[in-house]
$ cat final_35.txt   # compact mmCIF, C-alpha atoms
# COMPACT_ATOMS: atom_id res chain seq x y z
CA MET U 1 -32.45 183.05 89.59
CA GLY U 2 -30.07 185.95 89.99
CA ALA U 3 -32.75 188.49 90.92
CA ASN U 4 -32.71 190.16 94.29
CA THR U 5 -36.44 189.76 94.64
CA SER U 6 -38.36 186.57 94.05
CA CYS U 7 -41.66 186.03 92.31
CA CYS U 8 -42.43 183.17 94.71
CA ALA U 9 -43.04 185.34 97.78
CA TYR U 10 -46.12 184.54 99.80
CA SER U 11 -48.80 187.17 100.18
CA SER U 12 -49.35 188.82 103.51
CA PRO U 13 -52.43 187.74 105.46
CA ARG U 14 -55.38 190.07 105.32
CA THR U 15 -56.32 191.56 108.64
CA GLY U 16 -59.45 193.46 107.70
CA GLY U 17 -61.82 190.52 107.13
CA LYS U 18 -63.40 189.16 110.30
CA LYS U 19 -63.28 191.21 113.46
CA ASP U 20 -63.76 188.39 115.95
CA LEU U 21 -61.64 185.32 115.47
CA GLY U 22 -61.59 182.16 117.46
CA ARG U 23 -58.48 181.01 119.23
CA LYS U 24 -57.64 178.39 116.61
CA ASP U 25 -58.31 180.76 113.73
CA LYS U 26 -56.20 183.45 115.36
CA ASP U 27 -53.26 181.10 115.85
CA ARG U 28 -53.60 179.94 112.28
CA VAL U 29 -53.37 183.51 111.02
CA ASP U 30 -50.40 184.27 113.27
CA ASP U 31 -48.57 181.22 111.98
CA ARG U 32 -48.94 182.21 108.36
CA TYR U 33 -45.82 183.41 106.61
CA GLU U 34 -45.37 187.13 106.22
CA PRO U 35 -42.35 188.14 104.16
CA ARG U 36 -39.91 190.81 105.22
CA GLN U 37 -40.02 194.04 103.29
CA VAL U 38 -37.15 194.12 100.83
CA THR U 39 -35.72 197.40 99.68
CA VAL U 40 -34.61 197.84 96.10
CA GLY U 41 -30.95 196.88 95.71
CA ALA U 42 -30.71 195.26 99.11
CA ARG U 43 -28.85 191.95 99.18
CA GLU U 44 -29.03 191.05 102.83
CA GLU U 45 -31.89 188.62 102.37
CA SER U 46 -34.01 187.68 99.41
CA ALA U 47 -37.76 187.98 99.43
CA GLY U 48 -39.87 184.95 100.13
CA ASN U 49 -37.15 183.47 102.33
CA LEU U 50 -35.37 182.24 99.18
CA GLN U 51 -31.62 182.55 99.45
CA HIS U 52 -29.97 184.64 96.77
CA ILE U 53 -27.13 182.99 94.90
CA SER U 54 -24.65 185.55 96.24
CA GLU U 55 -25.59 184.56 99.78
CA ARG U 56 -24.54 180.96 99.21
CA GLU U 57 -20.84 181.81 99.09
CA PRO U 58 -19.23 181.27 102.50
CA ASP U 59 -17.62 184.21 104.21
CA ASP U 60 -14.18 182.60 104.05
CA TRP U 61 -14.45 181.40 100.45
CA GLU U 62 -11.22 183.22 99.58
CA GLU U 63 -9.38 180.74 101.82
CA ASP U 64 -10.91 177.72 100.07
CA PRO U 65 -8.70 176.56 97.17
CA SER U 66 -11.57 174.58 95.63
CA LEU U 67 -13.61 177.77 95.20
CA HIS U 68 -11.21 180.68 94.83
CA PRO U 69 -9.11 180.77 91.64
CA THR U 70 -6.01 182.34 93.23
CA THR U 71 -5.82 180.51 96.55
CA GLU U 72 -3.00 177.97 96.62
CA THR U 73 -4.11 174.35 96.38
CA ILE U 74 -3.61 172.19 99.44
CA PHE U 75 -1.51 169.56 97.68
CA MET U 76 0.89 172.24 96.43
CA GLU U 77 1.28 173.51 99.97
CA LYS U 78 1.98 170.03 101.30
CA SER U 79 4.44 169.21 98.53
CA LYS U 80 6.45 172.45 98.64
CA GLN U 81 9.55 170.75 99.94
CA SER U 82 9.39 168.08 97.27
CA ILE U 83 8.89 170.66 94.53
CA ARG U 84 11.78 172.72 95.87
CA ASN U 85 14.05 169.67 95.93
CA GLY U 86 12.96 168.73 92.43
CA MET U 87 13.76 172.17 91.05
CA VAL U 88 17.16 172.13 92.75
CA ARG U 89 17.86 168.71 91.27
CA LYS U 90 16.96 169.87 87.78
CA ARG U 91 19.08 172.97 88.17
CA SER U 92 22.06 170.89 89.19
CA GLN U 93 21.52 168.56 86.25
CA MET U 94 21.55 171.51 83.88
CA GLN U 95 24.75 172.78 85.46
CA LEU U 96 26.32 169.36 85.02
CA ALA U 97 25.22 169.25 81.41
CA ASN U 98 26.85 172.62 80.73
CA SER U 99 30.04 171.74 82.60
CA SER U 100 33.11 171.44 80.40
CA SER U 101 34.88 169.16 82.88
CA LEU U 102 32.60 166.27 81.98
CA GLY U 103 33.70 166.20 78.36
CA ASP U 104 30.98 165.11 75.97
CA PHE U 105 28.33 164.62 78.63
CA ASN U 106 25.03 166.02 77.34
CA THR U 107 21.41 165.46 78.33
CA LEU U 108 19.13 164.05 75.70
CA LYS U 109 16.35 166.55 75.14
CA LYS U 110 13.94 166.74 72.25
CA ALA U 111 14.10 170.10 70.53
CA SER U 112 11.77 171.43 67.86
CA SER U 113 13.11 172.27 64.44
CA CYS U 114 11.75 173.69 61.21
CA SER U 115 10.58 170.26 60.06
CA THR U 116 9.52 168.72 63.41
CA ILE U 117 7.64 170.26 66.33
CA TYR U 118 7.44 168.46 69.66
CA ILE U 119 4.44 169.07 71.89
CA ASP U 120 2.91 167.17 74.77
CA ASP U 121 -0.50 165.72 74.12
CA SER U 122 -2.15 167.42 77.08
CA THR U 123 -4.10 170.66 77.19
CA VAL U 124 -6.38 172.18 79.77
CA SER U 125 -9.40 171.15 77.69
CA GLN U 126 -8.05 167.69 76.78
CA PRO U 127 -5.59 166.46 79.41
CA ASN U 128 -3.60 163.27 78.96
CA LEU U 129 -5.42 160.55 80.94
CA LYS U 130 -2.47 158.47 82.10
CA ASN U 131 -0.31 161.38 83.21
CA THR U 132 -3.21 163.18 84.85
CA ILE U 133 -4.03 160.12 86.96
CA LYS U 134 -0.35 159.85 87.92
CA CYS U 135 -0.31 163.48 89.05
CA VAL U 136 -3.56 163.15 91.00
CA SER U 137 -2.20 160.01 92.68
CA LEU U 138 0.95 161.90 93.61
CA ALA U 139 -1.09 164.76 95.07
CA ILE U 140 -3.05 162.28 97.21
CA TYR U 141 0.24 160.68 98.28
CA TYR U 142 1.52 164.01 99.62
CA HIS U 143 -1.81 164.56 101.36
CA ILE U 144 -1.32 161.29 103.24
CA LYS U 145 2.39 161.76 103.86
CA ASN U 146 2.14 165.29 105.27
CA ARG U 147 -1.12 164.93 107.16
CA LYS U 148 -1.55 166.81 110.43
CA SER U 149 -4.16 164.63 112.14
CA GLU U 150 -5.24 161.00 112.34
CA THR U 151 -8.97 161.66 112.55
CA ILE U 152 -11.08 159.24 110.51
CA LEU U 153 -14.83 159.59 110.01
CA ASP U 154 -16.73 156.32 110.31
CA ILE U 155 -18.00 156.39 106.74
CA PHE U 156 -14.41 156.56 105.41
CA ASP U 157 -12.91 154.08 107.87
CA GLU U 158 -11.75 151.04 105.91
CA LYS U 159 -11.79 148.93 109.06
CA LYS U 160 -15.52 149.54 109.58
CA HIS U 161 -16.39 149.58 105.86
CA PRO U 162 -13.89 147.30 104.09
CA LEU U 163 -13.72 147.31 100.31
CA THR U 164 -12.91 143.61 100.16
CA ARG U 165 -13.82 140.54 102.16
CA GLU U 166 -10.24 140.07 103.23
CA PRO U 167 -9.68 141.11 106.86
CA VAL U 168 -8.03 144.47 107.40
CA ASN U 169 -4.85 144.44 109.44
CA ASP U 170 -4.78 146.08 112.83
CA ASP U 171 -1.98 148.41 111.70
CA TYR U 172 -3.87 149.49 108.57
CA ASN U 173 -3.70 153.14 109.61
CA LYS U 174 0.03 153.27 110.41
CA TYR U 175 1.87 152.77 107.13
CA ASN U 176 1.57 155.19 104.24
CA PRO U 177 0.78 153.75 100.81
CA ASP U 178 3.29 154.46 98.06
CA HIS U 179 2.54 156.38 94.90
CA ARG U 180 2.21 153.25 92.76
CA GLN U 181 -0.41 151.74 95.04
CA ILE U 182 -2.56 154.87 94.87
CA TYR U 183 -2.12 155.09 91.10
CA LYS U 184 -3.08 151.45 90.61
CA PHE U 185 -6.29 151.89 92.64
CA ILE U 186 -7.39 155.01 90.74
CA ARG U 187 -6.31 153.63 87.37
CA THR U 188 -8.39 150.47 87.91
CA LEU U 189 -11.53 152.52 88.60
CA PHE U 190 -10.98 154.83 85.64
CA ASN U 191 -10.31 152.02 83.20
CA ALA U 192 -13.30 149.96 84.31
CA ALA U 193 -15.70 152.92 84.38
CA GLN U 194 -14.17 154.54 81.25
CA LEU U 195 -13.78 157.91 82.91
CA THR U 196 -12.00 160.89 81.40
CA ALA U 197 -8.95 162.86 82.50
CA GLU U 198 -11.10 165.87 83.33
CA CYS U 199 -12.93 163.69 85.85
CA ALA U 200 -9.62 163.02 87.62
CA ILE U 201 -9.02 166.75 88.11
CA ILE U 202 -12.57 167.24 89.41
CA THR U 203 -11.95 164.31 91.78
CA LEU U 204 -9.01 166.16 93.33
CA VAL U 205 -11.08 169.35 93.64
CA TYR U 206 -13.85 167.51 95.53
CA LEU U 207 -11.29 165.72 97.68
CA GLU U 208 -9.69 168.96 98.85
CA ARG U 209 -13.10 170.57 99.35
CA LEU U 210 -14.00 167.65 101.60
CA LEU U 211 -10.85 168.17 103.65
CA THR U 212 -11.60 171.87 103.97
CA TYR U 213 -15.27 171.57 104.91
CA GLY U 214 -14.92 168.44 107.05
CA GLU U 215 -11.69 169.64 108.73
CA ILE U 216 -10.10 166.21 108.32
CA ASP U 217 -7.01 164.73 106.69
CA ILE U 218 -6.49 161.70 104.49
CA THR U 219 -4.94 158.83 106.41
CA PRO U 220 -3.69 155.37 105.37
CA GLY U 221 -6.96 153.93 106.67
CA SER U 222 -9.32 156.30 104.86
CA TRP U 223 -7.70 157.27 101.55
CA LYS U 224 -9.37 154.54 99.51
CA ARG U 225 -12.95 155.34 100.53
CA ILE U 226 -12.40 159.10 100.32
CA THR U 227 -10.94 158.72 96.83
CA LEU U 228 -13.76 156.39 95.83
CA GLY U 229 -16.39 158.87 97.03
CA ALA U 230 -14.72 161.73 95.15
CA ILE U 231 -14.52 159.68 91.94
CA LEU U 232 -18.14 158.59 92.31
CA LEU U 233 -19.33 162.17 92.67
CA ALA U 234 -17.05 163.60 89.98
CA SER U 235 -18.18 161.03 87.42
CA LYS U 236 -21.82 161.92 88.01
CA VAL U 237 -21.26 165.67 87.84
CA TRP U 238 -18.80 165.79 84.93
CA ASP U 239 -19.65 162.95 82.55
CA ASP U 240 -22.84 163.09 80.51
CA GLN U 241 -23.31 159.32 80.84
CA ALA U 242 -22.62 158.87 84.52
CA VAL U 243 -21.65 155.56 86.06
CA TRP U 244 -24.28 154.21 88.43
CA ASN U 245 -23.50 153.12 91.95
CA VAL U 246 -24.30 149.53 91.06
CA ASP U 247 -21.62 149.68 88.35
CA TYR U 248 -18.96 150.39 90.96
CA CYS U 249 -20.16 147.30 92.80
CA GLN U 250 -19.28 145.34 89.67
CA ILE U 251 -15.76 146.78 89.79
CA LEU U 252 -15.30 146.33 93.55
CA LYS U 253 -17.28 143.12 93.83
CA ASP U 254 -17.42 142.98 97.63
CA LEU U 255 -19.16 146.35 97.92
CA THR U 256 -22.92 146.67 98.26
CA VAL U 257 -25.17 149.25 96.65
CA GLU U 258 -26.34 150.37 100.09
CA ASP U 259 -22.76 151.11 101.10
CA MET U 260 -22.16 153.14 97.93
CA ASN U 261 -25.39 155.07 98.43
CA GLU U 262 -24.48 155.92 102.02
CA LEU U 263 -20.96 156.94 100.98
CA GLU U 264 -22.34 159.27 98.33
CA ARG U 265 -24.93 160.76 100.68
CA GLN U 266 -22.48 161.53 103.48
CA PHE U 267 -19.88 162.83 101.02
CA LEU U 268 -22.44 165.30 99.66
CA GLU U 269 -23.45 166.36 103.16
CA LEU U 270 -19.84 167.05 104.08
CA LEU U 271 -19.50 169.12 100.90
CA GLN U 272 -22.65 170.98 101.96
CA PHE U 273 -24.00 169.92 98.54
CA ASN U 274 -21.61 172.37 96.86
CA ILE U 275 -20.51 170.53 93.72
CA ASN U 276 -19.85 173.63 91.60
CA VAL U 277 -16.36 173.86 90.10
CA PRO U 278 -15.58 177.15 88.32
CA SER U 279 -13.53 176.95 85.15
CA SER U 280 -10.84 179.13 86.71
CA VAL U 281 -10.46 176.68 89.61
CA TYR U 282 -10.28 173.76 87.19
CA ALA U 283 -7.51 175.50 85.23
CA LYS U 284 -5.63 176.27 88.45
CA TYR U 285 -5.62 172.62 89.48
CA PHE U 286 -4.55 171.54 85.99
CA PHE U 287 -1.47 173.79 85.94
CA ASP U 288 -0.59 173.02 89.57
CA LEU U 289 -0.60 169.33 88.69
CA ARG U 290 1.77 170.04 85.79
CA THR U 291 4.10 171.86 88.18
CA LEU U 292 3.99 168.92 90.56
CA ALA U 293 4.70 166.52 87.70
CA GLU U 294 7.70 168.50 86.49
CA ALA U 295 9.23 168.62 89.98
CA ASN U 296 8.84 164.84 90.40
CA ASP U 297 10.08 163.82 86.95
CA LEU U 298 6.57 162.99 85.75
CA ALA U 299 6.67 165.45 82.90
CA TYR U 300 4.21 164.94 80.09
CA PRO U 301 5.97 163.17 77.20
CA ALA U 302 6.67 165.27 74.13
CA GLU U 303 5.57 163.75 70.84
CA PRO U 304 6.11 164.95 67.27
CA LEU U 305 3.28 167.08 65.99
CA SER U 306 1.46 165.01 63.38
CA LYS U 307 -0.48 166.36 60.43
CA GLU U 308 -3.82 165.27 61.93
CA ARG U 309 -2.98 166.90 65.28
CA ALA U 310 -1.93 170.12 63.55
CA GLN U 311 -5.20 170.25 61.62
CA LYS U 312 -7.18 169.81 64.83
CA LEU U 313 -5.23 172.59 66.56
CA GLU U 314 -5.72 174.86 63.57
CA ALA U 315 -9.45 174.14 63.51
CA MET U 316 -9.77 174.85 67.23
CA SER U 317 -7.83 178.12 66.98
CA ARG U 318 -9.82 179.22 63.92
CA PHE U 319 -13.08 178.44 65.70
CA CYS U 320 -12.05 180.52 68.73
CA GLU U 321 -10.86 183.35 66.52
CA ASP U 322 -14.14 183.42 64.59
CA LYS U 323 -16.07 183.40 67.85
CA ILE U 324 -14.12 186.36 69.20
CA SER U 325 -14.49 188.22 65.92
CA GLN U 326 -18.24 187.70 65.99
CA GLU U 327 -18.46 189.04 69.54
CA ILE U 328 -16.43 192.10 68.59
CA LEU U 329 -18.64 192.81 65.59
CA GLN U 330 -21.75 192.49 67.73
CA ASN U 331 -20.37 195.15 70.03
CA GLY U 332 -19.92 197.51 67.11
CA VAL U 333 -16.11 197.47 67.09
CA LYS U 334 -14.40 197.11 63.74
CA ARG U 335 -11.58 194.59 63.56
CA SER U 336 -9.10 194.38 60.70
CA ASN U 337 -8.37 191.02 59.10
CA SER U 338 -5.00 189.40 59.50
CA LEU U 339 -2.89 188.56 56.48
CA ASP U 340 -3.83 184.88 56.39
CA ARG U 341 -7.55 185.73 56.44
CA ILE U 342 -7.52 188.27 53.65
CA THR U 343 -7.63 185.50 51.04
CA ALA U 344 -10.96 184.32 52.43
CA ASN U 345 -12.62 187.58 51.39
CA ARG U 346 -10.68 188.11 48.15
CA ARG U 347 -12.78 188.68 45.06
CA SER U 348 -11.78 188.02 41.48
CA VAL U 349 -10.79 191.12 39.51
CA ALA U 350 -12.53 191.64 36.19
CA ILE U 351 -10.31 192.89 33.38
CA LEU U 352 -12.10 195.30 31.11
CA SER U 353 -10.65 195.78 27.62
$ encode --input "final_35.txt" --output "structure tokens"
Amino acid sequence: MGANTSCCAYSSPRTGGKKDLGRKDKDRVDDRYEPRQVTVGAREESAGNLQHISEREPDDWEEDPSLHPTTETIFMEKSKQSIRNGMVRKRSQMQLANSSSLGDFNTLKKASSCSTIYIDDSTVSQPNLKNTIKCVSLAIYYHIKNRKSETILDIFDEKKHPLTREPVNDDYNKYNPDHRQIYKFIRTLFNAAQLTAECAIITLVYLERLLTYGEIDITPGSWKRITLGAILLASKVWDDQAVWNVDYCQILKDLTVEDMNELERQFLELLQFNINVPSSVYAKYFFDLRTLAEANDLAYPAEPLSKERAQKLEAMSRFCEDKISQEILQNGVKRSNSLDRITANRRSVAILS
């Protein structure tokens, strides 16, 4: 993979063998594959009719937030007003806290000192599970609230494919679910399947990719099955020990394996089988979710930095530093040691009398 020419190209048919060919033999020769001549460096079409990896990117991939690292995510676009109101509210709270007319009124805020450091237990490589699910649920809530269409595909229609045996109300597609209802649904699946916080971020990426490719919106009557399909696919792609479709039937006991298989198949078809998530896109969604959380008072809780946590952070930073140093040395560039690393290479001095 990655080469402009392929080693799997078929050979051209020989035309200098038999002079007289029957009608069937002639048609058989004409139907044989003959590859197009590929010039060196050309990227229009790969040899052997095998698509080059660069050709798989859509022409408008810069407009797709689930593929391009700088394109604004859809949930941030739909929650702009809420984020703006949240920032204004926080600014007014800070002004009130600094106002002298309120006397001794002060906001309680944890501040780091020389003896205690407060950090939130959530990084881009190890997000906090509970807060990440809350943020993803809030993003889905704004998708439903600020939708532009009411189109529902049959596979995601909860009326045609109910998740429970209880009858679905006729007005199931009229009233928006609240944030707690969405969070409870996602939290139940993640707890039962023992999924990670990274899987929740990948779920949101697949969900927005589905909306982009399928040109649909999430509605009150389709959000559960769309979210379920995104979680199902994200758990299989991200986790090493993926949850089987039959396991979800144990969580949602009224579902059948055939229904889960069909949901997964059509979800993949709508994604055009594009399940790749670049690391830059993952990081973009992570930080956008943090921005959304801060604007909606869902900030990640700050906890005192413990000794065990500090040792882990130090080990991770030292590992990354050693890796970078090794890469620099391999490239032939000399790099001076920092002060805290000089002791590692210090040698004992012999005193000669």
$ closest_residue --input "final_35.txt" --among "U:Thr219, U:Thr227, U:Ser79, U:Thr123" --to "Glu264 in chain U" --atoms "all atoms listed in the file"
U:Thr227
$ closest_residue --input "final_35.txt" --among "U:Asp178, U:Asp157, U:Glu308, U:Asp240" --to "Gly221 in chain U" --atoms "all atoms listed in the file"
U:Asp157
$ residues_around --input "final_35.txt" --residues "Leu268 in chain U" --least-positions-apart "3" --cutoff "12 Å" --atoms "all atoms listed in the file" --output "mmCIF file with C-alpha atoms, in the coordinates of the input"
data_model
loop_
_atom_site.group_PDB
_atom_site.id
_atom_site.type_symbol
_atom_site.label_atom_id
_atom_site.label_comp_id
_atom_site.auth_asym_id
_atom_site.auth_seq_id
_atom_site.Cartn_x
_atom_site.Cartn_y
_atom_site.Cartn_z
ATOM 1 C CA TYR U 206 -13.850 167.510 95.530
ATOM 2 C CA LEU U 207 -11.290 165.720 97.680
ATOM 3 C CA ARG U 209 -13.100 170.570 99.350
ATOM 4 C CA LEU U 210 -14.000 167.650 101.600
ATOM 5 C CA TYR U 213 -15.270 171.570 104.910
ATOM 6 C CA GLY U 214 -14.920 168.440 107.050
ATOM 7 C CA ILE U 226 -12.400 159.100 100.320
ATOM 8 C CA GLY U 229 -16.390 158.870 97.030
ATOM 9 C CA ALA U 230 -14.720 161.730 95.150
ATOM 10 C CA LEU U 232 -18.140 158.590 92.310
ATOM 11 C CA LEU U 233 -19.330 162.170 92.670
ATOM 12 C CA ALA U 234 -17.050 163.600 89.980
ATOM 13 C CA VAL U 237 -21.260 165.670 87.840
ATOM 14 C CA ASN U 261 -25.390 155.070 98.430
ATOM 15 C CA GLU U 262 -24.480 155.920 102.020
ATOM 16 C CA LEU U 263 -20.960 156.940 100.980
ATOM 17 C CA GLU U 264 -22.340 159.270 98.330
ATOM 18 C CA ARG U 265 -24.930 160.760 100.680
ATOM 19 C CA LEU U 271 -19.500 169.120 100.900
ATOM 20 C CA GLN U 272 -22.650 170.980 101.960
ATOM 21 C CA PHE U 273 -24.000 169.920 98.540
ATOM 22 C CA ASN U 274 -21.610 172.370 96.860
ATOM 23 C CA ILE U 275 -20.510 170.530 93.720
ATOM 24 C CA ASN U 276 -19.850 173.630 91.600
#
$ atom_distance --input "final_35.txt" --atom1 "CA of Gln250 in chain U" --atom2 "CA of Val205 in chain U"
25.7 Å
$ closest_residue --input "final_35.txt" --among "U:Lys159, U:Leu289, U:Glu63, U:Ala242" --to "Ser122 in chain U" --atoms "all atoms listed in the file"
U:Leu289
$ closest_atom_pairs --input "final_35.txt" --of "range 136-220 of chain U" --to "range 251-257 of chain U" --cutoff "12 Å" --atoms "all atoms listed in the file" --output "tab-separated table"
residue	atom	partner	partner_atom	distance
U:Glu158	CA	U:Leu255	CA	11.9
U:His161	CA	U:Leu255	CA	9.0
U:Pro162	CA	U:Leu255	CA	8.2
U:Leu163	CA	U:Leu255	CA	6.0
U:Thr164	CA	U:Asp254	CA	5.2
U:Arg165	CA	U:Asp254	CA	6.3
U:Glu166	CA	U:Asp254	CA	9.6
U:Phe185	CA	U:Leu252	CA	10.6
U:Ile186	CA	U:Ile251	CA	11.8
U:Arg187	CA	U:Ile251	CA	11.9
U:Thr188	CA	U:Ile251	CA	8.5
U:Leu189	CA	U:Ile251	CA	7.2
U:Phe190	CA	U:Ile251	CA	10.2
U:Asn191	CA	U:Ile251	CA	10.0
U:Ala192	CA	U:Ile251	CA	6.8
U:Ala193	CA	U:Ile251	CA	8.2
U:Gln194	CA	U:Ile251	CA	11.6
$ residues_around --input "final_35.txt" --residues "Lys174 in chain U" --least-positions-apart "6" --cutoff "12 Å" --atoms "only C-alpha atoms" --output "list in words"
Ile144, Lys145, Glu150, Thr219, Pro220, Gly221 and Ser222 of chain U
$ closest_residue --input "final_35.txt" --among "U:Cys199, U:Ala283, U:Cys249, U:Ile155" --to "Pro69 in chain U" --atoms "only C-alpha atoms"
U:Ala283
$ atom_distance --input "final_35.txt" --atom1 "CA of Thr291 in chain U" --atom2 "CA of Asp217 in chain U"
22.7 Å
$ closest_residue --input "final_35.txt" --among "U:Ser149, U:Thr203, U:Gln181, U:Ser280" --to "Thr71 in chain U" --atoms "only C-alpha atoms"
U:Ser280
$ closest_residue --input "final_35.txt" --among "U:Ile152, U:Glu269, U:Ile83, U:Ile117" --to "Leu298 in chain U" --atoms "all atoms listed in the file"
U:Ile83
$ residues_around --input "final_35.txt" --residues "range 76-78 of chain U" --least-positions-apart "3" --cutoff "8 Å" --atoms "all atoms listed in the file" --output "count of residues only"
9
$ atom_distance --input "final_35.txt" --atom1 "CA of Tyr248 in chain U" --atom2 "CA of Met260 in chain U"
8.1 Å
